[in-house]
file upload.cif (mmCIF, C-alpha atoms and all ligand atoms)
data_data
#
loop_
_atom_site.label_atom_id
_atom_site.label_comp_id
_atom_site.auth_asym_id
_atom_site.auth_seq_id
_atom_site.Cartn_x
_atom_site.Cartn_y
_atom_site.Cartn_z
CA MET A 1296 75.16 95.80 77.47
CA ILE A 1297 77.43 93.41 79.32
CA ARG A 1298 76.17 90.29 80.99
CA VAL A 1299 78.12 87.80 83.12
CA GLU A 1300 76.28 84.53 83.74
CA HIS A 1301 77.23 81.90 86.34
CA LEU A 1302 80.95 82.55 85.95
CA THR A 1303 83.22 80.15 87.81
CA LYS A 1304 87.01 80.03 87.88
CA SER A 1305 89.45 78.05 90.00
CA PHE A 1306 93.23 78.00 90.08
CA ASN A 1307 94.92 74.85 91.39
CA GLY A 1308 91.74 73.65 93.09
CA GLN A 1309 91.13 77.02 94.75
CA VAL A 1310 87.80 78.57 93.76
CA VAL A 1311 88.34 82.26 92.99
CA LEU A 1312 85.06 83.12 91.24
CA ASP A 1313 82.04 81.09 92.30
CA ASP A 1314 78.88 81.53 90.22
CA ILE A 1315 79.27 85.25 89.52
CA ASP A 1316 76.22 86.78 87.86
CA PHE A 1317 75.60 90.41 86.95
CA GLU A 1318 74.71 92.88 84.20
CA VAL A 1319 76.08 96.26 83.26
CA GLN A 1320 73.65 98.51 81.46
CA GLU A 1321 74.57 100.64 78.46
CA GLY A 1322 76.35 103.79 79.67
CA GLU A 1323 76.48 102.62 83.27
CA ILE A 1324 79.52 102.75 85.57
CA LEU A 1325 79.74 99.62 87.69
CA VAL A 1326 82.43 99.29 90.34
CA ILE A 1327 83.47 95.81 91.46
CA LEU A 1328 84.62 96.11 95.06
CA GLY A 1329 86.56 93.60 97.09
CA GLY A 1330 89.64 93.10 99.22
CA SER A 1331 93.00 92.12 97.78
CA GLY A 1332 93.03 88.66 96.17
CA THR A 1333 89.25 88.36 95.88
CA GLY A 1334 89.35 87.80 92.11
CA LYS A 1335 88.66 91.30 90.76
CA SER A 1336 91.45 91.19 88.18
CA VAL A 1337 90.57 87.61 87.22
CA LEU A 1338 86.98 88.71 86.64
CA LEU A 1339 87.94 91.71 84.52
CA LYS A 1340 90.48 89.69 82.52
CA SER A 1341 87.81 87.06 81.90
CA MET A 1342 85.64 89.80 80.47
CA ILE A 1343 88.16 90.44 77.68
CA GLY A 1344 89.01 86.78 77.19
CA LEU A 1345 92.49 86.95 78.75
CA VAL A 1346 91.40 84.41 81.37
CA LYS A 1347 89.29 81.39 80.35
CA PRO A 1348 86.56 80.66 82.90
CA ASP A 1349 85.84 77.06 83.93
CA SER A 1350 82.15 77.62 83.28
CA GLY A 1351 79.68 80.39 82.65
CA LYS A 1352 79.04 82.86 79.89
CA ILE A 1353 80.06 86.45 79.20
CA TRP A 1354 78.10 88.57 76.78
CA ILE A 1355 79.72 91.72 75.40
CA ASP A 1356 76.92 93.40 73.49
CA GLY A 1357 75.75 90.60 71.18
CA ASP A 1358 78.79 88.32 71.49
CA GLU A 1359 79.27 85.45 73.93
CA ILE A 1360 83.03 85.65 74.32
CA THR A 1361 83.98 82.57 76.35
CA GLN A 1362 83.67 80.37 73.25
CA LEU A 1363 85.49 82.65 70.82
CA ALA A 1364 88.76 81.80 69.13
CA GLU A 1365 91.72 84.12 69.65
CA LYS A 1366 91.21 85.80 66.28
CA GLU A 1367 87.61 86.75 67.09
CA LEU A 1368 88.62 87.81 70.59
CA LEU A 1369 91.10 90.28 69.12
CA LYS A 1370 88.23 91.93 67.29
CA ILE A 1371 86.21 92.24 70.52
CA ARG A 1372 89.24 93.55 72.44
CA LYS A 1373 89.62 96.36 69.92
CA GLU A 1374 86.17 97.54 71.00
CA ILE A 1375 87.13 97.62 74.67
CA GLY A 1376 89.40 100.13 76.34
CA TYR A 1377 91.38 98.44 79.12
CA LEU A 1378 93.39 100.18 81.81
CA PHE A 1379 95.61 97.52 83.36
CA GLN A 1380 96.33 97.52 87.09
CA GLU A 1381 100.07 97.58 86.42
CA GLY A 1382 99.72 100.29 83.78
CA ALA A 1383 101.26 98.09 81.10
CA LEU A 1384 102.93 101.00 79.33
CA TYR A 1385 105.81 100.18 77.00
CA ASP A 1386 108.92 101.39 78.81
CA PHE A 1387 110.86 101.78 75.55
CA MET A 1388 108.24 104.08 74.03
CA ASN A 1389 107.64 107.67 75.05
CA VAL A 1390 104.19 108.95 76.03
CA PHE A 1391 103.29 109.94 72.48
CA GLU A 1392 104.30 106.55 71.09
CA ASN A 1393 102.47 104.67 73.84
CA ILE A 1394 99.21 106.49 73.19
CA ALA A 1395 99.60 106.39 69.41
CA PHE A 1396 100.31 102.65 69.41
CA PRO A 1397 96.68 101.42 69.10
CA LEU A 1398 96.08 103.93 66.29
CA ALA A 1399 99.16 102.78 64.37
CA GLU A 1400 98.18 99.15 64.96
CA HIS A 1401 94.46 99.25 64.24
CA THR A 1402 93.74 102.23 61.96
CA ASP A 1403 94.89 103.62 58.61
CA LEU A 1404 95.27 107.16 59.94
CA ASP A 1405 98.26 109.10 58.60
CA LYS A 1406 100.95 110.63 60.77
CA GLN A 1407 99.26 114.00 60.97
CA ALA A 1408 95.87 112.59 61.98
CA ILE A 1409 97.52 110.43 64.64
CA GLU A 1410 99.40 113.43 66.03
CA SER A 1411 96.25 115.46 66.27
CA LYS A 1412 94.31 112.65 67.97
CA VAL A 1413 97.06 112.07 70.52
CA LYS A 1414 97.28 115.79 71.22
CA ASN A 1415 93.54 115.88 71.78
CA ILE A 1416 93.46 112.94 74.10
CA LEU A 1417 96.38 114.36 76.12
CA GLU A 1418 94.22 117.41 76.75
CA VAL A 1419 91.32 115.20 77.80
CA VAL A 1420 93.46 113.47 80.46
CA ASP A 1421 95.18 116.73 81.52
CA LEU A 1422 98.65 115.72 80.40
CA GLU A 1423 99.84 118.33 77.96
CA GLY A 1424 103.56 118.76 77.34
CA VAL A 1425 104.76 115.29 78.34
CA GLU A 1426 104.68 113.65 74.88
CA ARG A 1427 108.44 113.08 74.77
CA LYS A 1428 108.82 111.74 78.29
CA TYR A 1429 109.32 108.03 78.97
CA PRO A 1430 107.24 106.08 81.50
CA SER A 1431 110.20 105.92 83.90
CA GLU A 1432 110.14 109.74 84.06
CA LEU A 1433 106.47 109.90 85.09
CA SER A 1434 104.77 109.81 88.49
CA GLY A 1435 102.30 107.03 89.29
CA GLY A 1436 99.34 109.30 88.66
CA MET A 1437 100.71 110.42 85.29
CA LYS A 1438 101.28 106.82 84.24
CA LYS A 1439 97.65 106.02 85.03
CA ARG A 1440 96.60 108.97 82.87
CA VAL A 1441 98.74 107.80 79.98
CA GLY A 1442 97.27 104.30 80.35
CA LEU A 1443 93.79 105.81 80.41
CA ALA A 1444 94.54 107.92 77.32
CA ARG A 1445 95.77 104.85 75.48
CA SER A 1446 92.72 102.83 76.52
CA ILE A 1447 90.24 105.37 75.11
CA ILE A 1448 92.15 106.50 72.00
CA LEU A 1449 90.28 104.12 69.66
CA GLY A 1450 86.96 105.56 70.81
CA SER A 1451 85.74 102.38 72.50
CA LYS A 1452 82.27 102.43 73.98
CA ILE A 1453 83.33 99.97 76.66
CA LEU A 1454 85.93 100.86 79.27
CA PHE A 1455 87.44 98.50 81.85
CA CYS A 1456 89.73 99.93 84.55
CA ASP A 1457 91.53 97.56 86.91
CA GLU A 1458 92.31 99.30 90.23
CA PRO A 1459 92.88 102.75 88.74
CA THR A 1460 93.70 104.24 92.14
CA SER A 1461 96.11 101.58 93.42
CA GLY A 1462 99.44 103.01 94.50
CA LEU A 1463 98.21 106.62 94.40
CA ASP A 1464 97.85 109.07 97.27
CA PRO A 1465 94.32 110.18 98.29
CA ILE A 1466 94.30 113.37 96.20
CA ARG A 1467 95.54 111.68 93.03
CA SER A 1468 93.16 108.80 93.66
CA ARG A 1469 90.25 111.21 93.75
CA ASP A 1470 91.47 113.05 90.65
CA ILE A 1471 91.85 109.92 88.53
CA SER A 1472 88.48 108.62 89.75
CA ASP A 1473 86.76 111.85 88.78
CA LEU A 1474 88.59 111.86 85.45
CA ILE A 1475 87.42 108.33 84.64
CA LYS A 1476 83.87 109.25 85.57
CA ASN A 1477 83.92 112.41 83.43
CA ILE A 1478 85.41 110.64 80.43
CA SER A 1479 83.07 107.70 80.78
CA LYS A 1480 79.98 109.91 80.93
CA LYS A 1481 81.19 112.24 78.17
CA LEU A 1482 81.98 109.40 75.78
CA ARG A 1483 78.93 107.43 76.98
CA CYS A 1484 81.01 104.38 77.79
CA THR A 1485 79.73 101.31 79.54
CA THR A 1486 82.33 101.14 82.28
CA VAL A 1487 83.52 98.51 84.74
CA ILE A 1488 86.06 99.53 87.38
CA THR A 1489 87.58 97.23 89.98
CA SER A 1490 88.64 98.74 93.27
CA HIS A 1491 89.35 98.16 96.94
CA ASP A 1492 89.06 101.92 97.46
CA ILE A 1493 85.50 102.18 98.69
CA ARG A 1494 85.32 105.94 99.04
CA ASN A 1495 86.36 106.74 95.46
CA ALA A 1496 84.43 103.79 94.12
CA LEU A 1497 81.15 105.07 95.49
CA ARG A 1498 82.00 108.57 94.21
CA VAL A 1499 82.09 107.41 90.61
CA ALA A 1500 79.81 104.37 90.52
CA ASP A 1501 76.23 104.27 89.35
CA ARG A 1502 76.16 100.89 91.06
CA ALA A 1503 78.67 98.81 92.96
CA ALA A 1504 79.07 95.08 93.52
CA LEU A 1505 80.97 93.68 96.48
CA ILE A 1506 82.83 90.38 96.06
CA ARG A 1507 83.72 88.09 98.92
CA GLY A 1508 84.53 84.38 98.94
CA GLY A 1509 84.13 84.24 95.17
CA LYS A 1510 80.57 85.55 95.29
CA ILE A 1511 78.84 88.87 94.85
CA VAL A 1512 77.51 89.47 98.37
CA ALA A 1513 75.92 92.86 97.67
CA MET A 1514 75.08 94.91 94.62
CA GLY A 1515 73.31 98.20 94.12
CA THR A 1516 73.48 101.96 94.32
CA GLN A 1517 75.42 103.69 97.09
CA ALA A 1518 72.20 104.11 99.10
CA GLN A 1519 71.29 100.45 98.62
CA MET A 1520 74.77 99.33 99.69
CA GLU A 1521 74.64 101.55 102.76
CA ALA A 1522 71.22 100.19 103.68
CA SER A 1523 72.40 96.57 103.46
CA SER A 1524 71.63 94.47 106.51
CA ASP A 1525 74.73 92.31 105.88
CA THR A 1526 77.30 93.09 108.57
CA PHE A 1527 80.27 92.45 106.26
CA VAL A 1528 78.87 94.84 103.65
CA ARG A 1529 78.28 97.52 106.25
CA ALA A 1530 81.74 97.04 107.74
CA PHE A 1531 83.39 97.22 104.30
CA ILE A 1532 81.50 100.38 103.43
CA GLN A 1533 82.29 102.20 106.67
N1 LIG B 1601 97.17 82.94 86.49
C1 LIG B 1601 96.94 82.58 87.76
N2 LIG B 1601 97.37 81.38 88.23
C2 LIG B 1601 97.13 80.99 89.50
N3 LIG B 1601 96.46 81.72 90.40
C3 LIG B 1601 96.00 82.93 90.00
C4 LIG B 1601 96.22 83.41 88.66
N4 LIG B 1601 95.64 84.63 88.55
C5 LIG B 1601 95.10 84.90 89.76
N5 LIG B 1601 95.32 83.90 90.62
C6 LIG B 1601 94.85 83.83 92.02
O1 LIG B 1601 93.48 84.20 92.04
C7 LIG B 1601 93.20 84.97 93.20
C8 LIG B 1601 92.55 86.29 92.79
O2 LIG B 1601 93.50 87.09 92.12
P1 LIG B 1601 93.18 88.54 91.58
O3 LIG B 1601 92.02 88.48 90.66
O4 LIG B 1601 94.44 89.08 91.03
O5 LIG B 1601 92.76 89.32 92.90
P2 LIG B 1601 92.43 90.87 93.07
O6 LIG B 1601 92.56 91.52 91.72
O7 LIG B 1601 91.04 90.94 93.61
O8 LIG B 1601 93.43 91.41 94.06
C9 LIG B 1601 94.50 85.14 93.95
O9 LIG B 1601 94.54 84.17 94.97
C10 LIG B 1601 95.54 84.86 92.89
O10 LIG B 1601 96.69 84.33 93.47
MG MG B 1602 93.74 92.98 90.99
#

call {"tool": "encode", "arguments": {"input": "upload.cif", "output": "structure tokens"}}
result
Amino acid sequence: MIRVEHLTKSFNGQVVLDDIDFEVQEGEILVILGGSGTGKSVLLKSMIGLVKPDSGKIWIDGDEITQLAEKELLKIRKEIGYLFQEGALYDFMNVFENIAFPLAEHTDLDKQAIESKVKNILEVVDLEGVERKYPSELSGGMKKRVGLARSIILGSKILFCDEPTSGLDPIRSRDISDLIKNISKKLRCTTVITSHDIRNALRVADRAALIRGGKIVAMGTQAQMEASSDTFVRAFIQ
């Protein structure tokens, strides 16, 4: 279970996250919704210790991570699959090497075992036959799939995806959203996705939270969000 308690973060006197409080249940998919610049990436990065909050606590399973030293954080990060908004693939490595990287770094698997795992995961994300291609040779949607493959290759039970549909056309946005949902449910991951793409977000989410002005202004299932009496929430959802 993940729990964020009274999280606050400012940059240069500007409050970005203002007393953010929520829980993600085991196996649940939570989508954090909000317009551009509302602090979604800052929130997600805080949840893996890449951003230090000004105050508040973040529990990842049993660990309160805001107080951890870098060495302990590295251990926690190994347990979390993270799909970065920008993809964050290594341009100088081909697809195979990108996906194999966490295995080479964090496991003792031999070459053969790594090859078989990468082959498997490429099937899972529907990307067979592109092992030798470099990121610059891939479409935006394919890059997202490679990033997703790399984020789940260690078998993490927690998956964070930052704007997985940004920069993609509507069909590819829907495909990657469905893929994340399928993978998350199949692997029983506790999943947090940030998005400004309301339609796909509600497709995949068990619950959604809407951020505005640094606060969560609505949170719940699709039906609960749609039934909200808040005019901003209703406007955002329509
Ligand atoms: N490292 C940083 N230093 C200064 N300001 C930052 C930093 N990271 C994010 N911000 C600011 O915090 C706000 C929220 O950013 P972000 O979380 O990236 O928004 P979103 O992901 O919702 O589009 C923005 O105004 C951004 O400029
Ligand atoms: Mg962002």

call {"tool": "residues_near_ligand", "arguments": {"input": "upload.cif", "ligand": "ligand LIG 1601 (chain B)", "cutoff": "6 Å", "atoms": "all atoms listed in the file", "output": "short mmCIF file (atom, residue, chain, number, x, y, z; two decimals) with C-alpha atoms, in the frame of the given file"}}
result
data_model
loop_
_atom_site.label_atom_id
_atom_site.label_comp_id
_atom_site.auth_asym_id
_atom_site.auth_seq_id
_atom_site.Cartn_x
_atom_site.Cartn_y
_atom_site.Cartn_z
CA PHE A 1306 93.23 78.00 90.08
CA VAL A 1311 88.34 82.26 92.99
CA SER A 1331 93.00 92.12 97.78
CA GLY A 1332 93.03 88.66 96.17
CA THR A 1333 89.25 88.36 95.88
CA GLY A 1334 89.35 87.80 92.11
CA LYS A 1335 88.66 91.30 90.76
CA SER A 1336 91.45 91.19 88.18
CA VAL A 1337 90.57 87.61 87.22
#

call {"tool": "residues_near_point", "arguments": {"input": "upload.cif", "point": "(97.3, 116.6, 77.9)", "cutoff": "12 Å", "atoms": "all atoms listed in the file", "output": "ChimeraX atom specification"}}
result
/A:1390-1391,1394,1411-1426,1437,1440-1441,1443-1444

call {"tool": "closest_residue", "arguments": {"input": "upload.cif", "among": "A:Ser1434, A:Ser1472, A:Thr1489, A:Ser1523", "to": "ligand MG 1602 (chain B)", "atoms": "only C-alpha atoms and all ligand atoms"}}
result
A:Thr1489

call {"tool": "closest_residue", "arguments": {"input": "upload.cif", "among": "A:Asp1501, A:Asp1464, A:Asp1314, A:Glu1300", "to": "Met1520 (chain A)", "atoms": "only C-alpha atoms"}}
result
A:Asp1501

call {"tool": "closest_residue", "arguments": {"input": "upload.cif", "among": "A:Arg1529, A:Ile1478, A:Ile1506, A:Leu1433", "to": "Gly1322 (chain A)", "atoms": "all atoms listed in the file"}}
result
A:Ile1478

call {"tool": "residues_around", "arguments": {"input": "upload.cif", "residues": "Gln1320 (chain A)", "least_positions_apart": "6", "cutoff": "9 Å", "atoms": "only C-alpha atoms", "output": "PyMOL selection string"}}
result
chain A and resi 1296-1298+1485

call {"tool": "residues_around", "arguments": {"input": "upload.cif", "residues": "Phe1387 (chain A)", "least_positions_apart": "2", "cutoff": "12 Å", "atoms": "only C-alpha atoms", "output": "NGL selection string"}}
result
:A and (1383-1385 or 1389-1393 or 1427-1432)

call {"tool": "write_last_selection", "arguments": {"input": "upload.cif", "atoms": "C-alpha atoms", "output": "tab-separated table (two decimals), in the coordinates of the input"}}
result
chain	number	residue	atom	x	y	z
A	1383	ALA	CA	101.26	98.09	81.10
A	1384	LEU	CA	102.93	101.00	79.33
A	1385	TYR	CA	105.81	100.18	77.00
A	1389	ASN	CA	107.64	107.67	75.05
A	1390	VAL	CA	104.19	108.95	76.03
A	1391	PHE	CA	103.29	109.94	72.48
A	1392	GLU	CA	104.30	106.55	71.09
A	1393	ASN	CA	102.47	104.67	73.84
A	1427	ARG	CA	108.44	113.08	74.77
A	1428	LYS	CA	108.82	111.74	78.29
A	1429	TYR	CA	109.32	108.03	78.97
A	1430	PRO	CA	107.24	106.08	81.50
A	1431	SER	CA	110.20	105.92	83.90
A	1432	GLU	CA	110.14	109.74	84.06

call {"tool": "closest_residue", "arguments": {"input": "upload.cif", "among": "A:Val1499, A:Val1512, A:Val1346, A:Val1310", "to": "Ser1524 (chain A)", "atoms": "all atoms listed in the file"}}
result
A:Val1512

call {"tool": "closest_residue", "arguments": {"input": "upload.cif", "among": "A:Ala1395, A:Ile1447, A:Leu1474, A:Ile1327", "to": "Leu1497 (chain A)", "atoms": "only C-alpha atoms"}}
result
A:Ile1327

call {"tool": "closest_residue", "arguments": {"input": "upload.cif", "among": "A:Leu1328, A:Leu1482, A:Leu1363, A:Ile1448", "to": "ligand MG 1602 (chain B)", "atoms": "all atoms listed in the file"}}
result
A:Leu1328

call {"tool": "atom_distance", "arguments": {"input": "upload.cif", "atom1": "CA of Gly1329 (chain A)", "atom2": "CA of His1491 (chain A)"}}
result
5.3 Å

call {"tool": "residues_around", "arguments": {"input": "upload.cif", "residues": "Thr1303 (chain A)", "least_positions_apart": "3", "cutoff": "9 Å", "atoms": "all atoms listed in the file", "output": "list in words"}}
result
Val1310, Val1311, Leu1312, Asp1313, Asp1314, Ile1315, Pro1348, Asp1349, Ser1350, Gly1351 and Gly1509 of chain A

call {"tool": "atom_distance", "arguments": {"input": "upload.cif", "atom1": "CA of Gly1376 (chain A)", "atom2": "CA of Arg1498 (chain A)"}}
result
21.1 Å

call {"tool": "atom_distance", "arguments": {"input": "upload.cif", "atom1": "CA of Gly1435 (chain A)", "atom2": "CA of Asn1495 (chain A)"}}
result
17.1 Å

call {"tool": "residues_near_point", "arguments": {"input": "upload.cif", "point": "(90.0, 105.4, 97.5)", "cutoff": "10 Å", "atoms": "all atoms listed in the file", "output": "JSON, numbers by chain"}}
result
{"A": [1458, 1459, 1460, 1461, 1463, 1464, 1465, 1466, 1467, 1468, 1469, 1472, 1490, 1491, 1492, 1493, 1494, 1495, 1496, 1497, 1498]}

call {"tool": "write_last_selection", "arguments": {"input": "upload.cif", "atoms": "C-alpha atoms", "output": "PDB file, keeping the file's coordinate frame"}}
result
ATOM      1  CA  GLU A1458      92.310  99.300  90.230  1.00  0.00           C
ATOM      2  CA  PRO A1459      92.880 102.750  88.740  1.00  0.00           C
ATOM      3  CA  THR A1460      93.700 104.240  92.140  1.00  0.00           C
ATOM      4  CA  SER A1461      96.110 101.580  93.420  1.00  0.00           C
ATOM      5  CA  LEU A1463      98.210 106.620  94.400  1.00  0.00           C
ATOM      6  CA  ASP A1464      97.850 109.070  97.270  1.00  0.00           C
ATOM      7  CA  PRO A1465      94.320 110.180  98.290  1.00  0.00           C
ATOM      8  CA  ILE A1466      94.300 113.370  96.200  1.00  0.00           C
ATOM      9  CA  ARG A1467      95.540 111.680  93.030  1.00  0.00           C
ATOM     10  CA  SER A1468      93.160 108.800  93.660  1.00  0.00           C
ATOM     11  CA  ARG A1469      90.250 111.210  93.750  1.00  0.00           C
ATOM     12  CA  SER A1472      88.480 108.620  89.750  1.00  0.00           C
ATOM     13  CA  SER A1490      88.640  98.740  93.270  1.00  0.00           C
ATOM     14  CA  HIS A1491      89.350  98.160  96.940  1.00  0.00           C
ATOM     15  CA  ASP A1492      89.060 101.920  97.460  1.00  0.00           C
ATOM     16  CA  ILE A1493      85.500 102.180  98.690  1.00  0.00           C
ATOM     17  CA  ARG A1494      85.320 105.940  99.040  1.00  0.00           C
ATOM     18  CA  ASN A1495      86.360 106.740  95.460  1.00  0.00           C
ATOM     19  CA  ALA A1496      84.430 103.790  94.120  1.00  0.00           C
ATOM     20  CA  LEU A1497      81.150 105.070  95.490  1.00  0.00           C
ATOM     21  CA  ARG A1498      82.000 108.570  94.210  1.00  0.00           C
TER      22      ARG A1498
END
